[in-house]
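Report on the structure given below.
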Amino acid sequence: MTNNNSWLVVLAGPTAVGKTKLAIELAEYFKTCIINADSRQLYKELQIGTAPPTPEELNKVEHYFVQILSVKDYYNVSQFENEVISLLYELFKTRKLIFLVGGSGLYIDAVCNGIDDMPNYDPELRKELLIQYEKNGIDWFRALLKKLDPNTYQNIDLKNKNRIFRAVEVCLQTGKPYSYFLKNTKKHRPFKILKIALNRNRLELYDIINNRVDKMTEKGLIEEAKSLYSFKNYTPLKTVGYKELFDYLENKYSLDEAIDLIKRNTRKYARKQLTWFRRDKDYRWFHPNDKSLIIHYIENNINERTFF
RNA sequence: GGUACCCUAGCUCAGUUGGUAGAGCAACGGACUGAAAAUCCGUAGGUCGUUGGUUCAAUUCCAACGGGUACCA
């Protein structure tokens, strides 16, 4: 895979825009496989709410990283990066083009650029810090961060408690400031990358999202959420489509309110994804219906027509 | 038909003892390094129901009209 003719083609875009369908058509055309880059389609229990490829679709094209984990498993972007990269080493032995398809911007960037080497989080420490947080509030945490890592304190969003938590955790775990690990260096990849993003008219996208939520409830999303209720505090269940139904099951909302909230939060999520992909100027934008334009774009870039 | 109350941002509602107005949600934009479908930040948007009166000045007080809600007949 050290040759320069290996291509990773990224297909990104907001949820419900049509990535899955188009990716399968493209993979069939180029006779290759798909690596999923959607942080929630990794989990096998999330069958309905994350709109993973259907069994028929999975049969058409070889897929990787779809429903490989349990919601009980701990997982993170760094593991994803490492596992995808070693899989790519294998796959590029027999293929020249591979698709990376999904909507999780951070996961895609981790594969394309890499992320810095840092310690994993320590559940015990986090539990302890959570207790401190409840007791002392966010100001106490800010002060602690300022003491442990003035550099990060200067640069971080001090209103974002997840960021503060993470930085403090790394400092306490390693005895070194978080900023020591944060090098922001782009890793070299022994393959070329072509980035494609999909988008469509906003109202049309919202319409598709709203309809898809209705279809999910018809398919049994509520039952699925009920069956996963006992895992509601696990990270993978902090997901649009599930968290709202957990609140419904706790009588915080009516069912109708919960479903409206799922639609609203999915629309919001789509916008957040667009913000992420817009920032990266390497993306070339297409409408999901422009399949032949996309095929030309890929072929023009890779300069070859056979892929075996 | 009578009485009372209401009409302010796309929605739900604050508010101005008279000096042309805000919150939450929605909309739109942005940030993003082991929680990322997470977690945060910002922007815009109103002839304050209509018409008239009082006043230096009315979204605010008064009247009529229109629309709504509740109660009484």
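Residue numbering restarts at 1 in every chain; chains get A, B, ... in the order shown in the structure tokens, and ligands count up from 1 in that same order.
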
Interface, chain A side, toward chain B (8 Å; only C-alpha atoms (C1' of nucleotides)) as a ChimeraX atom specification: /A:39-40,75-79,104-106,115-116,118-121,157,159-163,182,184,235,238-240,266,269,275

Spatial neighbours of Ala12 in chain A, max dist 9 Å, only C-alpha atoms (C1' of nucleotides), sep filter under 3 positions, as a PyMOL selection string: chain A and resi 19+37+100-105+108+195-198+277+283

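Residues of range 2-145 of chain A assigned to strand (DSSP E or B) by DSSP on this structure's backbone: A:Trp7, A:Leu8, A:Val9, A:Val10, A:Leu11, A:Ala12, A:Ile34, A:Ile35, A:Asn36, A:Tyr43, A:His63, A:Tyr64, A:Leu69, A:Leu97, A:Ile98, A:Phe99, A:Leu100, A:Val101.
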
Neighbour list for range 65-72 of chain A as number ranges by chain, cut-off 7 Å, only C-alpha atoms (C1' of nucleotides), skip fewer than 6 positions in-chain: A: 35-36, 41-45, 234, 236

C-alpha atoms of the current selection, written as a PDB file, in the first residue's frame:
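To be explicit, this is the file written out as result_0.pdb:
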ATOM      1  CA  ILE A  35     -15.960   1.729   5.516  1.00  0.00           C
ATOM      2  CA  ASN A  36     -18.531   3.291   7.783  1.00  0.00           C
ATOM      3  CA  GLN A  41     -23.881   2.960  13.209  1.00  0.00           C
ATOM      4  CA  LEU A  42     -21.017   1.175  14.946  1.00  0.00           C
ATOM      5  CA  TYR A  43     -23.447  -0.281  17.480  1.00  0.00           C
ATOM      6  CA  LYS A  44     -25.361  -3.444  16.737  1.00  0.00           C
ATOM      7  CA  GLU A  45     -28.228  -2.664  19.111  1.00  0.00           C
ATOM      8  CA  TYR A 234     -24.081   4.665  28.264  1.00  0.00           C
ATOM      9  CA  PRO A 236     -23.861   5.404  22.634  1.00  0.00           C
TER      10      PRO A 236
END

Which of range 145-211 of chain A fall in alpha helix (DSSP H), as an MDAnalysis selection string: chainID A and resid 145:148 150:155 161:174 178:181 202:211

Selection near range 133-149 of chain A, 12 Å with only C-alpha atoms (C1' of nucleotides), sequence-local residues under 3 positions removed, as a ChimeraX atom specification: /A:126-130,152-182

Selected residue, from B:U50, B:U20, B:U55, B:U69, that lies nearest to C5 in chain B when counting only C-alpha atoms (C1' of nucleotides): B:U69

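When C1' of G18 in chain B is paired with C1' of A58 in chain B, their separation reads 6.5 Å.
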
I'd like the contact shell of C72 in chain B - 12 Å cut-off, only C-alpha atoms (C1' of nucleotides), skipping same-chain residues fewer than 6 positions apart - returned as a short mmCIF file (atom, residue, chain, number, x, y, z; two decimals) with C-alpha atoms (C1' of nucleotides), in the first residue's frame.
data_model
loop_
_atom_site.label_atom_id
_atom_site.label_comp_id
_atom_site.auth_asym_id
_atom_site.auth_seq_id
_atom_site.Cartn_x
_atom_site.Cartn_y
_atom_site.Cartn_z
"C1'" G B 1 -77.26 39.29 23.98
"C1'" G B 2 -74.43 40.71 28.94
"C1'" U B 3 -69.88 40.79 31.91
"C1'" A B 4 -64.67 39.95 32.55
#

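Minimum atom-to-atom distances from A:Thr217, A:Asn289, A:Ser6, A:Ser227 to Asn199 in chain A were compared using only C-alpha atoms, and the lowest value belongs to A:Asn289.
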
Pick from A:Gly114, A:Gly13, A:Gly18, A:Pro53 nearest to Lys183 in chain A, counting only C-alpha atoms: A:Gly114

Neighbour list for Glu28 in chain A as JSON, numbers by chain, cut-off 12 Å, only C-alpha atoms (C1' of nucleotides), skip fewer than 2 positions in-chain: {"A": [21, 22, 23, 24, 25, 26, 30, 31, 32, 33, 34, 57, 58, 59, 60, 61, 62, 63, 97, 98, 99, 295, 307]}

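For G68 in chain B, the residues within 12 Å (counting only C-alpha atoms (C1' of nucleotides), excluding itself and residues fewer than 4 positions away along the chain) are B:C5, B:C6, B:C7, B:G49.
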
The selected residues should be written to file as a PDB file, in the first residue's frame (atoms: all heavy atoms).
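The result, written out as again.pdb:
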ATOM      1  P     C B   5     -61.468  43.530  32.923  1.00  0.00           P
ATOM      2  OP1   C B   5     -60.674  44.269  33.924  1.00  0.00           O
ATOM      3  OP2   C B   5     -62.156  44.250  31.816  1.00  0.00           O
ATOM      4  O5'   C B   5     -60.542  42.390  32.268  1.00  0.00           O
ATOM      5  C5'   C B   5     -59.748  41.550  33.095  1.00  0.00           C
ATOM      6  C4'   C B   5     -59.259  40.353  32.317  1.00  0.00           C
ATOM      7  O4'   C B   5     -60.402  39.635  31.760  1.00  0.00           O
ATOM      8  C3'   C B   5     -58.419  40.656  31.083  1.00  0.00           C
ATOM      9  O3'   C B   5     -57.082  40.968  31.409  1.00  0.00           O
ATOM     10  C2'   C B   5     -58.549  39.350  30.302  1.00  0.00           C
ATOM     11  O2'   C B   5     -57.763  38.324  30.870  1.00  0.00           O
ATOM     12  C1'   C B   5     -60.024  39.023  30.525  1.00  0.00           C
ATOM     13  N1    C B   5     -60.864  39.558  29.428  1.00  0.00           N
ATOM     14  C2    C B   5     -60.936  38.830  28.236  1.00  0.00           C
ATOM     15  O2    C B   5     -60.278  37.777  28.139  1.00  0.00           O
ATOM     16  N3    C B   5     -61.683  39.300  27.212  1.00  0.00           N
ATOM     17  C4    C B   5     -62.357  40.447  27.356  1.00  0.00           C
ATOM     18  N4    C B   5     -63.097  40.863  26.317  1.00  0.00           N
ATOM     19  C5    C B   5     -62.309  41.212  28.554  1.00  0.00           C
ATOM     20  C6    C B   5     -61.555  40.740  29.563  1.00  0.00           C
ATOM     21  P     C B   6     -56.266  41.983  30.447  1.00  0.00           P
ATOM     22  OP1   C B   6     -54.997  42.282  31.125  1.00  0.00           O
ATOM     23  OP2   C B   6     -57.149  43.092  30.002  1.00  0.00           O
ATOM     24  O5'   C B   6     -55.971  41.065  29.180  1.00  0.00           O
ATOM     25  C5'   C B   6     -55.103  39.935  29.285  1.00  0.00           C
ATOM     26  C4'   C B   6     -55.166  39.094  28.032  1.00  0.00           C
ATOM     27  O4'   C B   6     -56.555  38.776  27.732  1.00  0.00           O
ATOM     28  C3'   C B   6     -54.689  39.762  26.758  1.00  0.00           C
ATOM     29  O3'   C B   6     -53.281  39.723  26.659  1.00  0.00           O
ATOM     30  C2'   C B   6     -55.353  38.911  25.691  1.00  0.00           C
ATOM     31  O2'   C B   6     -54.685  37.680  25.504  1.00  0.00           O
ATOM     32  C1'   C B   6     -56.707  38.633  26.328  1.00  0.00           C
ATOM     33  N1    C B   6     -57.775  39.543  25.857  1.00  0.00           N
ATOM     34  C2    C B   6     -58.284  39.354  24.560  1.00  0.00           C
ATOM     35  O2    C B   6     -57.807  38.446  23.857  1.00  0.00           O
ATOM     36  N3    C B   6     -59.270  40.159  24.103  1.00  0.00           N
ATOM     37  C4    C B   6     -59.755  41.117  24.896  1.00  0.00           C
ATOM     38  N4    C B   6     -60.742  41.894  24.411  1.00  0.00           N
ATOM     39  C5    C B   6     -59.256  41.338  26.216  1.00  0.00           C
ATOM     40  C6    C B   6     -58.271  40.528  26.651  1.00  0.00           C
ATOM     41  P     C B   7     -52.548  40.954  25.879  1.00  0.00           P
ATOM     42  OP1   C B   7     -51.118  40.839  26.214  1.00  0.00           O
ATOM     43  OP2   C B   7     -53.262  42.222  26.094  1.00  0.00           O
ATOM     44  O5'   C B   7     -52.754  40.550  24.352  1.00  0.00           O
ATOM     45  C5'   C B   7     -52.261  39.304  23.846  1.00  0.00           C
ATOM     46  C4'   C B   7     -52.674  39.145  22.393  1.00  0.00           C
ATOM     47  O4'   C B   7     -54.103  39.346  22.293  1.00  0.00           O
ATOM     48  C3'   C B   7     -52.025  40.146  21.445  1.00  0.00           C
ATOM     49  O3'   C B   7     -51.660  39.512  20.225  1.00  0.00           O
ATOM     50  C2'   C B   7     -53.120  41.164  21.186  1.00  0.00           C
ATOM     51  O2'   C B   7     -53.049  41.717  19.873  1.00  0.00           O
ATOM     52  C1'   C B   7     -54.382  40.298  21.285  1.00  0.00           C
ATOM     53  N1    C B   7     -55.565  41.095  21.668  1.00  0.00           N
ATOM     54  C2    C B   7     -56.547  41.353  20.697  1.00  0.00           C
ATOM     55  O2    C B   7     -56.397  40.885  19.553  1.00  0.00           O
ATOM     56  N3    C B   7     -57.624  42.093  21.024  1.00  0.00           N
ATOM     57  C4    C B   7     -57.734  42.578  22.269  1.00  0.00           C
ATOM     58  N4    C B   7     -58.820  43.307  22.544  1.00  0.00           N
ATOM     59  C5    C B   7     -56.752  42.338  23.269  1.00  0.00           C
ATOM     60  C6    C B   7     -55.688  41.599  22.929  1.00  0.00           C
ATOM     61  P     G B  49     -50.848  45.127  19.762  1.00  0.00           P
ATOM     62  OP1   G B  49     -51.242  46.472  20.210  1.00  0.00           O
ATOM     63  OP2   G B  49     -51.055  43.943  20.609  1.00  0.00           O
ATOM     64  O5'   G B  49     -51.601  44.907  18.359  1.00  0.00           O
ATOM     65  C5'   G B  49     -51.207  43.880  17.448  1.00  0.00           C
ATOM     66  C4'   G B  49     -52.306  43.713  16.429  1.00  0.00           C
ATOM     67  O4'   G B  49     -53.440  43.058  17.064  1.00  0.00           O
ATOM     68  C3'   G B  49     -52.871  45.011  15.877  1.00  0.00           C
ATOM     69  O3'   G B  49     -52.108  45.472  14.780  1.00  0.00           O
ATOM     70  C2'   G B  49     -54.287  44.608  15.467  1.00  0.00           C
ATOM     71  O2'   G B  49     -54.290  43.952  14.208  1.00  0.00           O
ATOM     72  C1'   G B  49     -54.643  43.585  16.553  1.00  0.00           C
ATOM     73  N9    G B  49     -55.399  44.190  17.660  1.00  0.00           N
ATOM     74  C8    G B  49     -55.036  44.223  18.990  1.00  0.00           C
ATOM     75  N7    G B  49     -55.911  44.822  19.747  1.00  0.00           N
ATOM     76  C5    G B  49     -56.924  45.206  18.872  1.00  0.00           C
ATOM     77  C6    G B  49     -58.146  45.889  19.119  1.00  0.00           C
ATOM     78  O6    G B  49     -58.594  46.318  20.186  1.00  0.00           O
ATOM     79  N1    G B  49     -58.875  46.070  17.949  1.00  0.00           N
ATOM     80  C2    G B  49     -58.473  45.658  16.702  1.00  0.00           C
ATOM     81  N2    G B  49     -59.321  45.930  15.705  1.00  0.00           N
ATOM     82  N3    G B  49     -57.341  45.011  16.451  1.00  0.00           N
ATOM     83  C4    G B  49     -56.614  44.824  17.579  1.00  0.00           C
TER      84        G B  49
END

Separation of C1' of C65 in chain B from C1' of U16 in chain B, in Å and rounded to one decimal: 25.5 Å

Nearest to Arg189 in chain A by atom-to-atom distance, counting only C-alpha atoms, from A:Tyr29, A:Ser292, A:Ala110, A:Asp282: A:Ala110
